Amino acid sequence: MDNNRIIDIDDFYNRCEREKITPFAATSSLDNKDVILLTDDIEELFKICKLNRINTIFYYYGYPDISNYRIDIDKLIEELRTRYERKLDIAMFSLQYISKDYFADVLQNLVSKMQMCAEQQNQRIVGINEDEPDYFQAFVCLNGYKVAVFLNVEWDEEDDESEPLMIASKFHNDFLNELDQKLQERISKATDENRIIKEKKEKEYQSALKEIEEFLKTDDKIMECKFKNARQTYADQLRMKWGEKIGQTILQKDVKGIVEKVYTQRKSI
């Protein structure tokens, strides 16, 4: 980490002494109503002191806490898997014809991406010195407000292509949110496909019932079933045969109803 933008404490004290300003260490306690200068040049703050005859300045040095940036990869993988399984279990209740395997790559691809990003970040923070400040804040009191300036550094700032480091909690949330988005996109697509398959299955089902009815109109065996129990047994045989043909279960009540209807019609002739 290059902290050449952070003013050294001795240099800061010497600068205050030259300007006849007394510095006091303070906590970082600015809020929304305070004024934060757009500049990152502390000279602007000294100009304000001179113009307003301010002889007191408050300052705060912030230090990096590497634990806030280190990504626990195993923990995040478990969080992603748990969230994935919970949301998918709920979705599967309405996806009768879609396999869970349809969604497997959503988690796999995201975990691979996350591991790469996390390993890069964890590698970058290895050389960061937690004893060197990564930002400096100074402020003065003016007309009931705090007027402040910030000086901070960018880790790996010599690498223009590197992404800024991310707080671990935000890193976790970003990937959890990305999982939600990608999984929802896949669930929406699966819902459309499930509807198409369901409509096709229903057409095949109704077509099978019509075929059974047409078959029974010329089938001699049905007329040999004088008793209802015999007809119901025969109905089960037909149900199993056509069920295998269309690859889905045909309900007993549907076929038995057809058998009884056709038997009654033919018997009355």
# chains A, B, ... in the order shown; residues from 1 in each chain; ligands from 1

$ residues_around --residues "stretch 38-52 of chain A" --least-positions-apart "5" --cutoff "7 Å" --atoms "only C-alpha atoms" --output "PyMOL selection string"
chain A and resi 149-151

$ residues_around --residues "A:Lys217" --least-positions-apart "6" --cutoff "12 Å" --atoms "only C-alpha atoms" --output "VMD selection string"
chain A and resid 210 to 211 223 258 to 267 269

$ closest_residue --among "A:Val106, A:Met114, A:Ala138, A:Lys221" --to "A:Tyr61" --atoms "only C-alpha atoms"
A:Ala138

$ select_by_dssp --residues "stretch 126-237 of chain A" --states "strand (DSSP E or B)" --output "count of residues only"
16

$ select_by_dssp --residues "stretch 25-118 of chain A" --states "helix (DSSP H, G or I)" --output "PyMOL selection string"
chain A and resi 42-51+66-68+73-92+100-118

$ closest_atom_pairs --of "stretch 101-197 of chain A" --to "stretch 80-86 of chain A" --cutoff "12 Å" --atoms "only C-alpha atoms" --output "tab-separated table"
residue	atom	partner	partner_atom	distance
A:Asp101	CA	A:Glu85	CA	12.0
A:Phe103	CA	A:Tyr84	CA	9.5
A:Ala104	CA	A:Tyr84	CA	9.6
A:Asp105	CA	A:Tyr84	CA	11.3
A:Val106	CA	A:Tyr84	CA	8.9
A:Leu107	CA	A:Tyr84	CA	7.1
A:Gln108	CA	A:Arg81	CA	9.5
A:Asn109	CA	A:Leu80	CA	11.6
A:Leu110	CA	A:Leu80	CA	8.8
A:Val111	CA	A:Leu80	CA	7.8
A:Ser112	CA	A:Leu80	CA	11.7
A:Met114	CA	A:Leu80	CA	10.1
A:Gln115	CA	A:Leu80	CA	11.8
A:His172	CA	A:Leu80	CA	9.1
A:Asn173	CA	A:Leu80	CA	10.1
A:Asp174	CA	A:Leu80	CA	11.1
A:Phe175	CA	A:Leu80	CA	7.9
A:Leu176	CA	A:Leu80	CA	6.3
A:Asn177	CA	A:Leu80	CA	9.7
A:Glu178	CA	A:Leu80	CA	10.0
A:Leu179	CA	A:Leu80	CA	7.4
A:Asp180	CA	A:Tyr84	CA	7.9
A:Gln181	CA	A:Tyr84	CA	11.1
A:Lys182	CA	A:Tyr84	CA	10.4
A:Leu183	CA	A:Tyr84	CA	7.7
A:Gln184	CA	A:Tyr84	CA	10.4
A:Arg186	CA	A:Tyr84	CA	12.0
A:Ile187	CA	A:Tyr84	CA	11.6

$ residues_around --residues "A:Glu17" --least-positions-apart "6" --cutoff "12 Å" --atoms "only C-alpha atoms" --output "PyMOL selection string"
chain A and resi 10-11+23+46+55-57

$ atom_distance --atom1 "atom CA of A:Asp192" --atom2 "atom CA of A:Gly247"
21.2 Å

$ residues_around --residues "A:Ile250" --least-positions-apart "2" --cutoff "12 Å" --atoms "only C-alpha atoms" --output "PDB file with N, CA and C atoms, in the first residue's frame"
ATOM      1  N   LYS A 201     -48.649 -32.735 -22.386  1.00  0.00           N
ATOM      2  CA  LYS A 201     -49.036 -33.942 -21.648  1.00  0.00           C
ATOM      3  C   LYS A 201     -50.554 -34.060 -21.537  1.00  0.00           C
ATOM      4  N   GLU A 202     -51.204 -32.933 -21.323  1.00  0.00           N
ATOM      5  CA  GLU A 202     -52.656 -32.950 -21.198  1.00  0.00           C
ATOM      6  C   GLU A 202     -53.309 -33.362 -22.523  1.00  0.00           C
ATOM      7  N   GLU A 204     -51.920 -35.263 -24.815  1.00  0.00           N
ATOM      8  CA  GLU A 204     -51.646 -36.687 -24.971  1.00  0.00           C
ATOM      9  C   GLU A 204     -52.576 -37.518 -24.090  1.00  0.00           C
ATOM     10  N   TYR A 205     -52.859 -37.010 -22.896  1.00  0.00           N
ATOM     11  CA  TYR A 205     -53.730 -37.705 -21.955  1.00  0.00           C
ATOM     12  C   TYR A 205     -55.150 -37.798 -22.514  1.00  0.00           C
ATOM     13  N   GLN A 206     -55.651 -36.664 -22.965  1.00  0.00           N
ATOM     14  CA  GLN A 206     -57.013 -36.650 -23.504  1.00  0.00           C
ATOM     15  C   GLN A 206     -57.109 -37.481 -24.780  1.00  0.00           C
ATOM     16  N   SER A 207     -56.057 -37.447 -25.581  1.00  0.00           N
ATOM     17  CA  SER A 207     -56.024 -38.260 -26.801  1.00  0.00           C
ATOM     18  C   SER A 207     -56.047 -39.742 -26.462  1.00  0.00           C
ATOM     19  N   ALA A 208     -55.322 -40.136 -25.381  1.00  0.00           N
ATOM     20  CA  ALA A 208     -55.297 -41.534 -24.962  1.00  0.00           C
ATOM     21  C   ALA A 208     -56.685 -41.982 -24.516  1.00  0.00           C
ATOM     22  N   LEU A 209     -57.394 -41.128 -23.790  1.00  0.00           N
ATOM     23  CA  LEU A 209     -58.755 -41.475 -23.354  1.00  0.00           C
ATOM     24  C   LEU A 209     -59.685 -41.678 -24.557  1.00  0.00           C
ATOM     25  N   ILE A 212     -58.870 -45.020 -26.144  1.00  0.00           N
ATOM     26  CA  ILE A 212     -59.442 -46.131 -25.371  1.00  0.00           C
ATOM     27  C   ILE A 212     -60.932 -46.272 -25.667  1.00  0.00           C
ATOM     28  N   ALA A 235     -60.561 -52.524 -17.139  1.00  0.00           N
ATOM     29  CA  ALA A 235     -60.256 -51.091 -17.247  1.00  0.00           C
ATOM     30  C   ALA A 235     -58.831 -50.805 -16.762  1.00  0.00           C
ATOM     31  N   ASP A 236     -58.414 -51.478 -15.691  1.00  0.00           N
ATOM     32  CA  ASP A 236     -57.056 -51.295 -15.180  1.00  0.00           C
ATOM     33  C   ASP A 236     -56.020 -51.771 -16.197  1.00  0.00           C
ATOM     34  N   GLN A 237     -56.335 -52.873 -16.891  1.00  0.00           N
ATOM     35  CA  GLN A 237     -55.417 -53.375 -17.915  1.00  0.00           C
ATOM     36  C   GLN A 237     -55.252 -52.362 -19.047  1.00  0.00           C
ATOM     37  N   LEU A 238     -56.373 -51.786 -19.451  1.00  0.00           N
ATOM     38  CA  LEU A 238     -56.326 -50.774 -20.512  1.00  0.00           C
ATOM     39  C   LEU A 238     -55.576 -49.512 -20.038  1.00  0.00           C
ATOM     40  N   ARG A 239     -55.841 -49.154 -18.813  1.00  0.00           N
ATOM     41  CA  ARG A 239     -55.186 -47.958 -18.238  1.00  0.00           C
ATOM     42  C   ARG A 239     -53.673 -48.128 -18.235  1.00  0.00           C
ATOM     43  N   MET A 240     -53.193 -49.315 -17.835  1.00  0.00           N
ATOM     44  CA  MET A 240     -51.756 -49.569 -17.786  1.00  0.00           C
ATOM     45  C   MET A 240     -51.152 -49.578 -19.192  1.00  0.00           C
ATOM     46  N   LYS A 241     -51.863 -50.184 -20.122  1.00  0.00           N
ATOM     47  CA  LYS A 241     -51.369 -50.281 -21.506  1.00  0.00           C
ATOM     48  C   LYS A 241     -51.206 -48.906 -22.135  1.00  0.00           C
ATOM     49  N   TRP A 242     -52.256 -48.074 -22.047  1.00  0.00           N
ATOM     50  CA  TRP A 242     -52.159 -46.742 -22.651  1.00  0.00           C
ATOM     51  C   TRP A 242     -51.265 -45.794 -21.832  1.00  0.00           C
ATOM     52  N   GLY A 243     -51.162 -46.056 -20.543  1.00  0.00           N
ATOM     53  CA  GLY A 243     -50.255 -45.245 -19.724  1.00  0.00           C
ATOM     54  C   GLY A 243     -48.812 -45.426 -20.147  1.00  0.00           C
ATOM     55  N   GLU A 244     -48.432 -46.691 -20.433  1.00  0.00           N
ATOM     56  CA  GLU A 244     -47.083 -46.958 -20.926  1.00  0.00           C
ATOM     57  C   GLU A 244     -46.872 -46.329 -22.295  1.00  0.00           C
ATOM     58  N   LYS A 245     -47.916 -46.327 -23.080  1.00  0.00           N
ATOM     59  CA  LYS A 245     -47.827 -45.790 -24.432  1.00  0.00           C
ATOM     60  C   LYS A 245     -47.510 -44.296 -24.433  1.00  0.00           C
ATOM     61  N   ILE A 246     -48.138 -43.550 -23.538  1.00  0.00           N
ATOM     62  CA  ILE A 246     -47.919 -42.086 -23.513  1.00  0.00           C
ATOM     63  C   ILE A 246     -46.911 -41.660 -22.448  1.00  0.00           C
ATOM     64  N   GLY A 247     -46.434 -42.617 -21.654  1.00  0.00           N
ATOM     65  CA  GLY A 247     -45.419 -42.298 -20.654  1.00  0.00           C
ATOM     66  C   GLY A 247     -45.920 -41.510 -19.473  1.00  0.00           C
ATOM     67  N   GLN A 248     -47.165 -41.693 -19.083  1.00  0.00           N
ATOM     68  CA  GLN A 248     -47.690 -41.018 -17.894  1.00  0.00           C
ATOM     69  C   GLN A 248     -48.841 -41.834 -17.311  1.00  0.00           C
ATOM     70  N   GLN A 252     -57.478 -44.163 -12.738  1.00  0.00           N
ATOM     71  CA  GLN A 252     -58.434 -45.262 -12.771  1.00  0.00           C
ATOM     72  C   GLN A 252     -59.849 -44.777 -13.069  1.00  0.00           C
ATOM     73  N   LYS A 253     -60.234 -43.704 -12.410  1.00  0.00           N
ATOM     74  CA  LYS A 253     -61.609 -43.221 -12.540  1.00  0.00           C
ATOM     75  C   LYS A 253     -61.936 -42.827 -13.980  1.00  0.00           C
ATOM     76  N   ASP A 254     -60.954 -42.294 -14.702  1.00  0.00           N
ATOM     77  CA  ASP A 254     -61.213 -41.872 -16.078  1.00  0.00           C
ATOM     78  C   ASP A 254     -61.478 -43.070 -16.983  1.00  0.00           C
ATOM     79  N   VAL A 255     -60.636 -44.104 -16.860  1.00  0.00           N
ATOM     80  CA  VAL A 255     -60.801 -45.276 -17.728  1.00  0.00           C
ATOM     81  C   VAL A 255     -62.025 -46.088 -17.313  1.00  0.00           C
ATOM     82  N   LYS A 256     -62.238 -46.255 -16.024  1.00  0.00           N
ATOM     83  CA  LYS A 256     -63.420 -47.005 -15.564  1.00  0.00           C
ATOM     84  C   LYS A 256     -64.701 -46.321 -16.013  1.00  0.00           C
TER      85      LYS A 256
END

$ closest_residue --among "A:Ile196, A:Phe215, A:Ile66, A:Leu88" --to "A:Gly127" --atoms "only C-alpha atoms"
A:Ile66

$ atom_distance --atom1 "atom CA of A:Ile21" --atom2 "atom CA of A:Ile54"
7.5 Å
